[in-house]
file structure19.tsv (TSV, C-alpha atoms)
chain	number	residue	atom	x	y	z
H	1	MET	CA	91.53	-103.89	-77.16
H	2	ASP	CA	89.22	-104.47	-80.09
H	3	ASP	CA	90.77	-106.16	-83.10
H	4	TYR	CA	91.89	-103.40	-85.47
H	5	ARG	CA	94.91	-105.27	-86.82
H	6	GLY	CA	96.00	-103.89	-90.17
H	7	LEU	CA	94.03	-100.70	-89.71
H	8	ILE	CA	96.23	-98.87	-87.19
H	9	PRO	CA	99.11	-96.89	-88.68
H	10	ASP	CA	101.66	-95.30	-86.40
H	11	PRO	CA	99.74	-92.55	-84.51
H	12	HIS	CA	102.36	-89.99	-85.55
H	13	LEU	CA	101.42	-90.55	-89.15
H	14	PRO	CA	100.19	-89.46	-91.71
H	15	PRO	CA	103.63	-89.03	-93.24
H	16	GLN	CA	104.75	-85.79	-94.80
H	17	THR	CA	106.76	-87.46	-97.53
H	18	ILE	CA	105.59	-87.91	-101.13
H	19	PHE	CA	101.87	-87.30	-101.20
H	20	PHE	CA	99.77	-86.79	-104.30
H	21	ASP	CA	96.62	-84.68	-104.38
H	22	ASP	CA	94.35	-87.64	-105.13
H	23	THR	CA	95.67	-89.81	-102.31
H	24	VAL	CA	93.84	-90.51	-99.05
H	25	ILE	CA	95.45	-91.88	-95.89
H	26	ALA	CA	93.06	-93.18	-93.24
H	27	GLY	CA	93.09	-95.22	-90.07
H	28	ILE	CA	91.87	-95.61	-86.53
H	29	THR	CA	93.79	-94.82	-83.35
H	30	PRO	CA	92.49	-96.79	-80.33
H	31	MET	CA	93.98	-94.90	-77.38
H	32	GLN	CA	93.64	-96.64	-74.01
H	33	ARG	CA	95.05	-95.45	-70.70
H	34	GLY	CA	98.42	-97.08	-70.08
H	35	LYS	CA	98.46	-98.89	-73.44
H	36	PRO	CA	100.81	-98.31	-76.45
H	37	TYR	CA	98.70	-95.55	-78.04
H	38	ASP	CA	98.27	-93.59	-74.81
H	39	GLU	CA	100.32	-90.55	-75.79
H	40	ILE	CA	100.02	-86.91	-76.71
H	41	ILE	CA	99.87	-86.09	-80.40
H	42	ASP	CA	101.69	-82.79	-80.78
H	43	ARG	CA	102.24	-81.22	-84.19
H	44	PRO	CA	102.79	-77.49	-83.51
H	45	ARG	CA	102.95	-76.70	-87.23
H	46	GLY	CA	100.02	-78.87	-88.16
H	47	MET	CA	100.07	-80.79	-91.42
H	48	LYS	CA	100.25	-79.92	-95.10
H	49	GLY	CA	96.82	-81.37	-95.80
H	50	TYR	CA	93.52	-81.65	-93.95
H	51	ILE	CA	92.73	-84.14	-91.19
H	52	LEU	CA	89.16	-85.22	-90.47
H	53	ASN	CA	88.63	-86.96	-87.14
H	54	LEU	CA	85.55	-88.80	-85.77
H	55	THR	CA	85.34	-89.92	-82.14
H	56	ILE	CA	83.70	-93.36	-81.96
H	57	ASP	CA	84.25	-94.15	-78.28
H	58	GLY	CA	85.56	-92.57	-75.10
H	59	GLU	CA	86.61	-88.94	-74.83
H	60	GLY	CA	89.50	-86.88	-76.17
H	61	LEU	CA	90.92	-83.55	-75.12
H	62	VAL	CA	91.94	-81.16	-77.90
H	63	ARG	CA	93.95	-78.02	-77.31
H	64	ASP	CA	94.87	-75.13	-79.56
H	65	GLY	CA	97.10	-72.64	-77.81
H	66	ALA	CA	95.57	-71.84	-74.43
H	67	GLN	CA	92.11	-73.11	-75.47
H	68	SER	CA	90.87	-76.65	-75.00
H	69	PHE	CA	87.70	-78.68	-75.47
H	70	THR	CA	86.62	-82.29	-75.21
H	71	CYS	CA	85.21	-84.47	-77.97
H	72	GLN	CA	82.93	-87.45	-77.44
H	73	LYS	CA	81.20	-90.08	-79.56
H	74	GLY	CA	79.82	-88.46	-82.71
H	75	ASP	CA	82.05	-85.39	-82.64
H	76	LEU	CA	83.73	-84.54	-85.94
H	77	LEU	CA	86.91	-82.44	-85.97
H	78	LEU	CA	88.52	-80.85	-89.00
H	79	PHE	CA	92.10	-79.57	-88.87
H	80	ALA	CA	92.99	-77.35	-91.81
H	81	PRO	CA	96.58	-77.15	-93.13
H	82	ALA	CA	99.05	-75.58	-90.66
H	83	VAL	CA	96.55	-75.61	-87.77
H	84	PRO	CA	98.41	-76.99	-84.71
H	85	HIS	CA	97.52	-80.49	-83.51
H	86	TYR	CA	97.58	-81.21	-79.79
H	87	TYR	CA	95.31	-83.93	-78.46
H	88	HIS	CA	95.21	-86.96	-76.17
H	89	ILE	CA	92.84	-89.00	-74.00
H	90	SER	CA	90.77	-86.74	-71.78
H	91	PRO	CA	91.90	-86.85	-68.13
H	92	ALA	CA	88.33	-87.85	-67.25
H	93	ALA	CA	88.33	-90.87	-69.60
H	94	SER	CA	90.07	-94.24	-69.83
H	95	ARG	CA	90.01	-94.45	-73.62
H	96	TRP	CA	89.57	-92.47	-76.80
H	97	TYR	CA	88.99	-94.23	-80.11
H	98	HIS	CA	88.93	-92.04	-83.18
H	99	GLN	CA	88.83	-92.66	-86.91
H	100	TRP	CA	90.79	-90.23	-89.06
H	101	ILE	CA	91.36	-89.31	-92.70
H	102	TYR	CA	94.25	-87.26	-94.10
H	103	PHE	CA	93.66	-85.70	-97.49
H	104	PHE	CA	94.12	-82.82	-99.89
H	105	PRO	CA	90.73	-81.51	-101.06
H	106	ARG	CA	89.56	-81.18	-104.62
H	107	SER	CA	88.64	-77.59	-105.42
H	108	HIS	CA	84.87	-78.18	-105.45
H	109	TRP	CA	85.07	-79.58	-101.89
H	110	LEU	CA	86.14	-76.26	-100.35
H	111	PRO	CA	82.60	-75.01	-99.55
H	112	ALA	CA	82.03	-78.22	-97.58
H	113	LEU	CA	85.19	-77.59	-95.52
H	114	SER	CA	83.94	-74.39	-93.90
H	115	TRP	CA	81.67	-75.47	-91.07
H	116	HIS	CA	81.20	-72.10	-89.26
H	117	CYS	CA	81.61	-73.84	-85.91
H	118	LYS	CA	85.23	-73.35	-84.94
H	119	VAL	CA	86.73	-73.70	-81.51
H	120	ASP	CA	89.68	-71.42	-82.07
H	121	GLN	CA	91.14	-72.78	-85.33
H	122	VAL	CA	89.67	-76.31	-85.19
H	123	GLU	CA	86.34	-76.94	-86.92
H	124	HIS	CA	84.07	-78.89	-84.55
H	125	TYR	CA	80.70	-80.43	-85.43
H	126	SER	CA	78.56	-82.78	-83.33
H	127	LEU	CA	76.67	-85.26	-85.49
H	128	PRO	CA	73.01	-85.90	-84.69
H	129	GLU	CA	72.82	-89.24	-82.88
H	130	GLU	CA	70.77	-90.81	-85.65
H	131	ASN	CA	73.54	-90.08	-88.19
H	132	PHE	CA	76.49	-91.48	-86.24
H	133	SER	CA	76.39	-95.00	-87.74
H	134	GLU	CA	76.09	-93.57	-91.24
H	135	PHE	CA	79.24	-91.45	-90.86
H	136	SER	CA	81.27	-94.02	-88.97
H	137	GLY	CA	80.37	-96.47	-91.74
H	138	MET	CA	81.72	-94.10	-94.38
H	139	PHE	CA	84.92	-93.71	-92.37
H	140	TRP	CA	85.25	-97.50	-92.24
H	141	GLU	CA	84.76	-97.79	-96.00
H	142	ILE	CA	87.53	-95.25	-96.57
H	143	ILE	CA	89.85	-96.94	-94.03
H	144	ARG	CA	89.32	-100.42	-95.46
H	145	ARG	CA	89.86	-99.27	-99.04
H	146	ASN	CA	92.90	-97.30	-97.94
H	147	HIS	CA	94.43	-100.58	-96.78
H	148	SER	CA	93.43	-102.44	-99.93
H	149	GLN	CA	95.64	-102.97	-102.97
H	150	GLY	CA	92.74	-102.91	-105.43
H	151	ALA	CA	93.14	-100.82	-108.57
H	152	THR	CA	90.09	-98.68	-107.75
H	153	SER	CA	90.59	-98.47	-103.98
H	154	GLN	CA	91.88	-94.90	-103.93
H	155	LEU	CA	89.18	-93.71	-106.30
H	156	LEU	CA	86.50	-95.27	-104.11
H	157	SER	CA	88.11	-93.76	-101.00
H	158	LEU	CA	87.87	-90.31	-102.58
H	159	THR	CA	84.26	-90.96	-103.60
H	160	TYR	CA	83.28	-91.90	-100.04
H	161	LEU	CA	85.18	-88.91	-98.66
H	162	GLU	CA	83.39	-86.54	-101.02
H	163	MET	CA	80.06	-88.06	-100.03
H	164	LEU	CA	80.94	-87.74	-96.34
H	165	LEU	CA	81.86	-84.04	-96.61
H	166	PHE	CA	78.78	-83.04	-98.58
H	167	ARG	CA	76.49	-85.22	-96.48
H	168	ARG	CA	77.66	-83.37	-93.35
H	169	GLN	CA	77.00	-80.07	-95.12
H	170	GLU	CA	73.52	-81.28	-96.08
H	171	ILE	CA	72.66	-82.26	-92.49
H	172	ALA	CA	73.95	-78.95	-91.13
H	173	ARG	CA	71.79	-77.06	-93.60
H	174	GLN	CA	68.77	-79.20	-92.73
H	175	GLU	CA	69.27	-78.29	-89.08
H	176	GLU	CA	69.21	-74.61	-90.04
H	177	ASP	CA	66.21	-75.14	-92.32
H	178	LEU	CA	64.16	-76.57	-89.44
H	179	LEU	CA	64.34	-73.15	-87.81
H	180	LEU	CA	63.16	-71.28	-90.92
H	181	PRO	CA	59.82	-70.81	-92.67
H	182	ALA	CA	59.31	-72.96	-95.77
H	183	SER	CA	59.32	-69.85	-97.94
H	184	ALA	CA	62.87	-69.03	-96.86
H	185	VAL	CA	64.11	-72.54	-97.59
H	186	SER	CA	62.57	-72.54	-101.08
H	187	ASP	CA	64.05	-69.18	-102.13
H	188	VAL	CA	67.62	-69.84	-103.24
H	189	ARG	CA	68.45	-66.14	-102.87
H	190	ILE	CA	67.65	-66.28	-99.17
H	191	SER	CA	69.73	-69.43	-98.69
H	192	LEU	CA	72.68	-67.90	-100.54
H	193	ALA	CA	72.41	-64.69	-98.53
H	194	MET	CA	72.35	-66.64	-95.27
H	195	MET	CA	75.41	-68.66	-96.28
H	196	PHE	CA	77.21	-65.45	-97.25
H	197	MET	CA	76.37	-63.81	-93.92
H	198	GLN	CA	77.52	-66.85	-91.94
H	199	GLU	CA	80.77	-67.05	-93.88
H	200	ASN	CA	81.44	-63.36	-93.16
H	201	MET	CA	80.08	-63.27	-89.63
H	202	MET	CA	83.36	-62.09	-88.11
H	203	ARG	CA	83.47	-59.04	-90.36
H	204	ALA	CA	82.24	-55.98	-88.52
H	205	ASP	CA	82.17	-54.02	-91.80
H	206	LEU	CA	79.64	-56.30	-93.53
H	207	THR	CA	76.82	-54.13	-94.92
H	208	LEU	CA	73.30	-54.72	-96.16
H	209	GLU	CA	74.40	-53.36	-99.53
H	210	GLU	CA	77.15	-55.98	-99.85
H	211	ILE	CA	74.84	-58.83	-98.86
H	212	ALA	CA	72.18	-57.67	-101.33
H	213	ALA	CA	74.75	-57.36	-104.12
H	214	HIS	CA	75.85	-60.95	-103.45
H	215	VAL	CA	72.38	-62.16	-104.50
H	216	HIS	CA	71.97	-59.53	-107.24
H	217	LEU	CA	69.23	-57.50	-105.57
H	218	SER	CA	68.98	-53.87	-104.55
H	219	PRO	CA	69.25	-53.32	-100.77
H	220	SER	CA	65.60	-52.28	-100.45
H	221	ARG	CA	64.33	-55.21	-102.55
H	222	PHE	CA	66.55	-57.69	-100.71
H	223	ASN	CA	65.41	-56.38	-97.32
H	224	HIS	CA	61.77	-56.76	-98.43
H	225	VAL	CA	62.24	-60.30	-99.79
H	226	PHE	CA	64.21	-61.46	-96.74
H	227	LEU	CA	61.72	-59.96	-94.29
H	228	ALA	CA	58.78	-61.57	-96.08
H	229	ALA	CA	60.45	-65.00	-96.14
H	230	VAL	CA	62.12	-65.12	-92.73
H	231	GLY	CA	60.00	-62.80	-90.65
H	232	GLN	CA	62.87	-60.54	-89.63
H	233	SER	CA	65.32	-58.22	-91.34
H	234	PRO	CA	68.66	-59.53	-92.64
H	235	ILE	CA	70.63	-57.55	-90.05
H	236	LYS	CA	68.47	-58.80	-87.18
H	237	TRP	CA	68.89	-62.37	-88.43
H	238	LEU	CA	72.66	-61.88	-88.71
H	239	ASN	CA	72.83	-60.49	-85.18
H	240	GLY	CA	70.95	-63.58	-84.02
H	241	GLN	CA	73.59	-65.78	-85.63
H	242	LYS	CA	76.34	-63.74	-83.97
H	243	LEU	CA	74.62	-64.20	-80.63
H	244	LYS	CA	74.40	-67.98	-81.15
H	245	ASN	CA	78.09	-68.06	-82.00
H	246	ALA	CA	78.97	-65.98	-78.91
H	247	LYS	CA	76.95	-68.31	-76.67
H	248	ARG	CA	78.71	-71.35	-78.08
H	249	LEU	CA	82.14	-69.79	-77.53
H	250	LEU	CA	81.22	-68.83	-73.96
H	251	GLU	CA	79.99	-72.37	-73.29
H	252	SER	CA	82.82	-74.33	-74.88
H	253	THR	CA	86.00	-72.21	-74.70
H	254	GLU	CA	88.01	-70.11	-72.28
H	255	LEU	CA	88.34	-67.19	-74.66
H	256	SER	CA	88.20	-63.75	-73.05
H	257	ILE	CA	85.03	-61.69	-73.46
H	258	LEU	CA	86.95	-59.44	-75.86
H	259	GLN	CA	87.98	-62.44	-77.98
H	260	VAL	CA	84.42	-63.82	-77.98
H	261	ALA	CA	83.15	-60.42	-79.11
H	262	GLN	CA	85.71	-60.17	-81.92
H	263	ARG	CA	85.10	-63.74	-83.13
H	264	SER	CA	81.39	-63.06	-83.22
H	265	GLY	CA	81.72	-59.93	-85.34
H	266	PHE	CA	81.53	-57.25	-82.65
H	267	VAL	CA	84.32	-54.64	-82.73
H	268	ASP	CA	83.24	-52.84	-79.56
H	269	PRO	CA	83.24	-55.20	-76.53
H	270	ASN	CA	81.09	-52.74	-74.58
H	271	TYR	CA	78.43	-52.82	-77.28
H	272	PHE	CA	78.72	-56.61	-77.37
H	273	SER	CA	78.12	-56.87	-73.61
H	274	LYS	CA	75.18	-54.46	-73.82
H	275	PHE	CA	73.66	-56.34	-76.79
H	276	PHE	CA	74.20	-59.70	-75.08
H	277	ARG	CA	72.46	-58.52	-71.91
H	278	GLN	CA	69.56	-57.07	-73.91
H	279	GLN	CA	69.02	-60.41	-75.66
H	280	THR	CA	69.59	-62.83	-72.76
H	281	GLY	CA	69.10	-60.84	-69.56
H	282	LEU	CA	72.65	-61.80	-68.55
H	283	SER	CA	76.10	-60.39	-69.04
H	284	PRO	CA	78.47	-62.62	-71.07
H	285	GLN	CA	80.33	-63.51	-67.86
H	286	GLN	CA	77.11	-64.44	-66.05
H	287	TYR	CA	76.08	-66.59	-68.98
H	288	ARG	CA	79.47	-68.33	-68.96
H	289	SER	CA	79.23	-68.97	-65.21
H	290	GLY	CA	75.89	-70.64	-65.77
H	291	ALA	CA	77.30	-72.71	-68.64
H	292	ASP	CA	80.28	-73.79	-66.51
H	293	VAL	CA	77.96	-75.22	-63.88
H	294	ALA	CA	75.34	-76.71	-66.15
H	295	GLY	CA	77.44	-77.92	-69.07
H	296	PRO	CA	77.02	-76.96	-72.74
H	297	LYS	CA	73.86	-78.97	-73.32
H	298	THR	CA	71.92	-77.21	-70.55
H	299	ALA	CA	73.50	-73.78	-70.69
H	300	GLU	CA	70.25	-72.13	-71.83
H	301	GLY	CA	68.32	-73.50	-68.88
H	302	LYS	CA	71.07	-72.61	-66.46
H	303	ALA	CA	71.25	-69.07	-67.83
H	304	LYS	CA	67.53	-68.68	-67.11
H	305	ALA	CA	68.06	-70.00	-63.60
H	306	VAL	CA	70.89	-67.56	-63.00
H	307	SER	CA	68.68	-64.74	-64.30
H	308	ALA	CA	65.84	-65.76	-62.00
H	309	SER	CA	68.07	-66.01	-58.93
H	310	SER	CA	69.66	-62.63	-59.58
H	311	SER	CA	66.26	-60.99	-59.86
H	312	GLU	CA	65.19	-62.52	-56.54
H	313	ALA	CA	68.30	-61.29	-54.73
call {"tool": "encode", "arguments": {"input": "structure19.tsv", "output": "structure tokens"}}
result
Amino acid sequence: MDDYRGLIPDPHLPPQTIFFDDTVIAGITPMQRGKPYDEIIDRPRGMKGYILNLTIDGEGLVRDGAQSFTCQKGDLLLFAPAVPHYYHISPAASRWYHQWIYFFPRSHWLPALSWHCKVDQVEHYSLPEENFSEFSGMFWEIIRRNHSQGATSQLLSLTYLEMLLFRRQEIARQEEDLLLPASAVSDVRISLAMMFMQENMMRADLTLEEIAAHVHLSPSRFNHVFLAAVGQSPIKWLNGQKLKNAKRLLESTELSILQVAQRSGFVDPNYFSKFFRQQTGLSPQQYRSGADVAGPKTAEGKAKAVSASSSEA
């Protein structure tokens, strides 16, 4: 086992005793098969604060209710207060090393704690490979300062944590920006509207009027500005985001088709299945079958292969 002496609290921590809002608890849990930290962490009621978790080696299995998913190097997890914790080394792995931070957020951090990429209740974000060292380094800075007695250690821990949260948000937005025309990125109204639509994606009652009002434009003016900047109407763009979310859920969870539809903002599962087939050429179940065989990273290619084979039959 690597030398992490002094940095490994009891894996059942963080404690739920006296805990002040501006306190951070951080550590690393090096789980190895058959070694002292090889155990299931089970907190059915979750924690009072947030836990941020970064896998740095091996593979973990995380379960929430009947749903489960694996996390590998570079995967960030965020457990909000009261979200159940149930995780351990993946059956397919011999080890799972993860850095973690337990904290209560400052109010201005809240926008950076909604990632729009949940697997059931757990926020899940895969860091780009080129950013892994940067984020692991920030975790290490927080962990080391958390175990220091210096007068400014906690303040510096909070500073690094704030930087980490907003840096992740920045990278996620940059990933979205790469898919958009420059005019859309430069118009703050379009960016705000997109954020609002993503945050309310699960709402089937979200209207063009409400979105337009959020950026202080009339519906007709907003529709015109959005179409000119993005190349498609706001509702078509929103439906595209819903489709992306549905694909991800089909690839990475065992949710029923009804649950996938509801969590992607579709009230009518029949309409969802019809819309999904129109956009992909596959039913949701066919798409999932392709994803199961190919794995999440190649689900798109597998879906096309399934479509081609079905047309030949």
call {"tool": "atom_distance", "arguments": {"input": "structure19.tsv", "atom1": "CA of Pro91 in chain H", "atom2": "CA of Gly46 in chain H"}}
result
23.0 Å
call {"tool": "atom_distance", "arguments": {"input": "structure19.tsv", "atom1": "CA of Arg277 in chain H", "atom2": "CA of Gly240 in chain H"}}
result
13.2 Å
call {"tool": "closest_residue", "arguments": {"input": "structure19.tsv", "among": "H:Leu110, H:Ile190, H:Ala151, H:Ala212", "to": "Phe166 in chain H", "atoms": "only C-alpha atoms"}}
result
H:Leu110
call {"tool": "residues_around", "arguments": {"input": "structure19.tsv", "residues": "range 244-247 of chain H", "least_positions_apart": "6", "cutoff": "8 Å", "atoms": "only C-alpha atoms", "output": "MDAnalysis selection string"}}
result
chainID H and resid 117 260:261 263:264 287
call {"tool": "atom_distance", "arguments": {"input": "structure19.tsv", "atom1": "CA of Pro30 in chain H", "atom2": "CA of Phe69 in chain H"}}
result
19.4 Å
call {"tool": "closest_residue", "arguments": {"input": "structure19.tsv", "among": "H:Val122, H:Ser157, H:Asn131, H:Pro234", "to": "Ile25 in chain H", "atoms": "all atoms listed in the file"}}
result
H:Ser157
call {"tool": "residues_near_point", "arguments": {"input": "structure19.tsv", "point": "(77.0, -85.8, -91.9)", "cutoff": "9 Å", "atoms": "only C-alpha atoms", "output": "PDB file with C-alpha atoms, keeping the file's coordinate frame"}}
result
ATOM      1  CA  LEU H 127      76.670 -85.260 -85.490  1.00  0.00           C
ATOM      2  CA  PRO H 128      73.010 -85.900 -84.690  1.00  0.00           C
ATOM      3  CA  ASN H 131      73.540 -90.080 -88.190  1.00  0.00           C
ATOM      4  CA  PHE H 132      76.490 -91.480 -86.240  1.00  0.00           C
ATOM      5  CA  GLU H 134      76.090 -93.570 -91.240  1.00  0.00           C
ATOM      6  CA  PHE H 135      79.240 -91.450 -90.860  1.00  0.00           C
ATOM      7  CA  MET H 163      80.060 -88.060-100.030  1.00  0.00           C
ATOM      8  CA  LEU H 164      80.940 -87.740 -96.340  1.00  0.00           C
ATOM      9  CA  LEU H 165      81.860 -84.040 -96.610  1.00  0.00           C
ATOM     10  CA  PHE H 166      78.780 -83.040 -98.580  1.00  0.00           C
ATOM     11  CA  ARG H 167      76.490 -85.220 -96.480  1.00  0.00           C
ATOM     12  CA  ARG H 168      77.660 -83.370 -93.350  1.00  0.00           C
ATOM     13  CA  GLN H 169      77.000 -80.070 -95.120  1.00  0.00           C
ATOM     14  CA  GLU H 170      73.520 -81.280 -96.080  1.00  0.00           C
ATOM     15  CA  ILE H 171      72.660 -82.260 -92.490  1.00  0.00           C
ATOM     16  CA  ALA H 172      73.950 -78.950 -91.130  1.00  0.00           C
TER      17      ALA H 172
END
call {"tool": "residues_around", "arguments": {"input": "structure19.tsv", "residues": "range 213-216 of chain H", "least_positions_apart": "5", "cutoff": "9 Å", "atoms": "all atoms listed in the file", "output": "list in words"}}
result
Arg189, Ile190, Leu192, Ala193, Phe196, Leu208 and Phe222 of chain H
call {"tool": "residues_around", "arguments": {"input": "structure19.tsv", "residues": "Gly34 in chain H", "least_positions_apart": "5", "cutoff": "10 Å", "atoms": "all atoms listed in the file", "output": "PDB file with C-alpha atoms, keeping the file's coordinate frame"}}
result
ATOM      1  CA  GLU H  39     100.320 -90.550 -75.790  1.00  0.00           C
ATOM      2  CA  SER H  94      90.070 -94.240 -69.830  1.00  0.00           C
ATOM      3  CA  ARG H  95      90.010 -94.450 -73.620  1.00  0.00           C
TER       4      ARG H  95
END
call {"tool": "residues_around", "arguments": {"input": "structure19.tsv", "residues": "Gln198 in chain H", "least_positions_apart": "4", "cutoff": "9 Å", "atoms": "only C-alpha atoms", "output": "ChimeraX atom specification"}}
result
/H:116,193-194,202,238,241-242
call {"tool": "write_last_selection", "arguments": {"input": "structure19.tsv", "atoms": "C-alpha atoms", "output": "short mmCIF file (atom, residue, chain, number, x, y, z; two decimals), in the frame of the given file"}}
result
data_model
loop_
_atom_site.label_atom_id
_atom_site.label_comp_id
_atom_site.auth_asym_id
_atom_site.auth_seq_id
_atom_site.Cartn_x
_atom_site.Cartn_y
_atom_site.Cartn_z
CA HIS H 116 81.20 -72.10 -89.26
CA ALA H 193 72.41 -64.69 -98.53
CA MET H 194 72.35 -66.64 -95.27
CA MET H 202 83.36 -62.09 -88.11
CA LEU H 238 72.66 -61.88 -88.71
CA GLN H 241 73.59 -65.78 -85.63
CA LYS H 242 76.34 -63.74 -83.97
#
call {"tool": "residues_around", "arguments": {"input": "structure19.tsv", "residues": "Asp57 in chain H", "least_positions_apart": "5", "cutoff": "7 Å", "atoms": "all atoms listed in the file", "output": "VMD selection string"}}
result
chain H and resid 72 to 73 96 to 97
call {"tool": "closest_residue", "arguments": {"input": "structure19.tsv", "among": "H:Gln262, H:Gln99, H:Ser68, H:Gln279", "to": "Met31 in chain H", "atoms": "only C-alpha atoms"}}
result
H:Gln99
call {"tool": "closest_residue", "arguments": {"input": "structure19.tsv", "among": "H:Arg106, H:His88, H:Arg248, H:His98", "to": "Gly49 in chain H", "atoms": "all atoms listed in the file"}}
result
H:Arg106
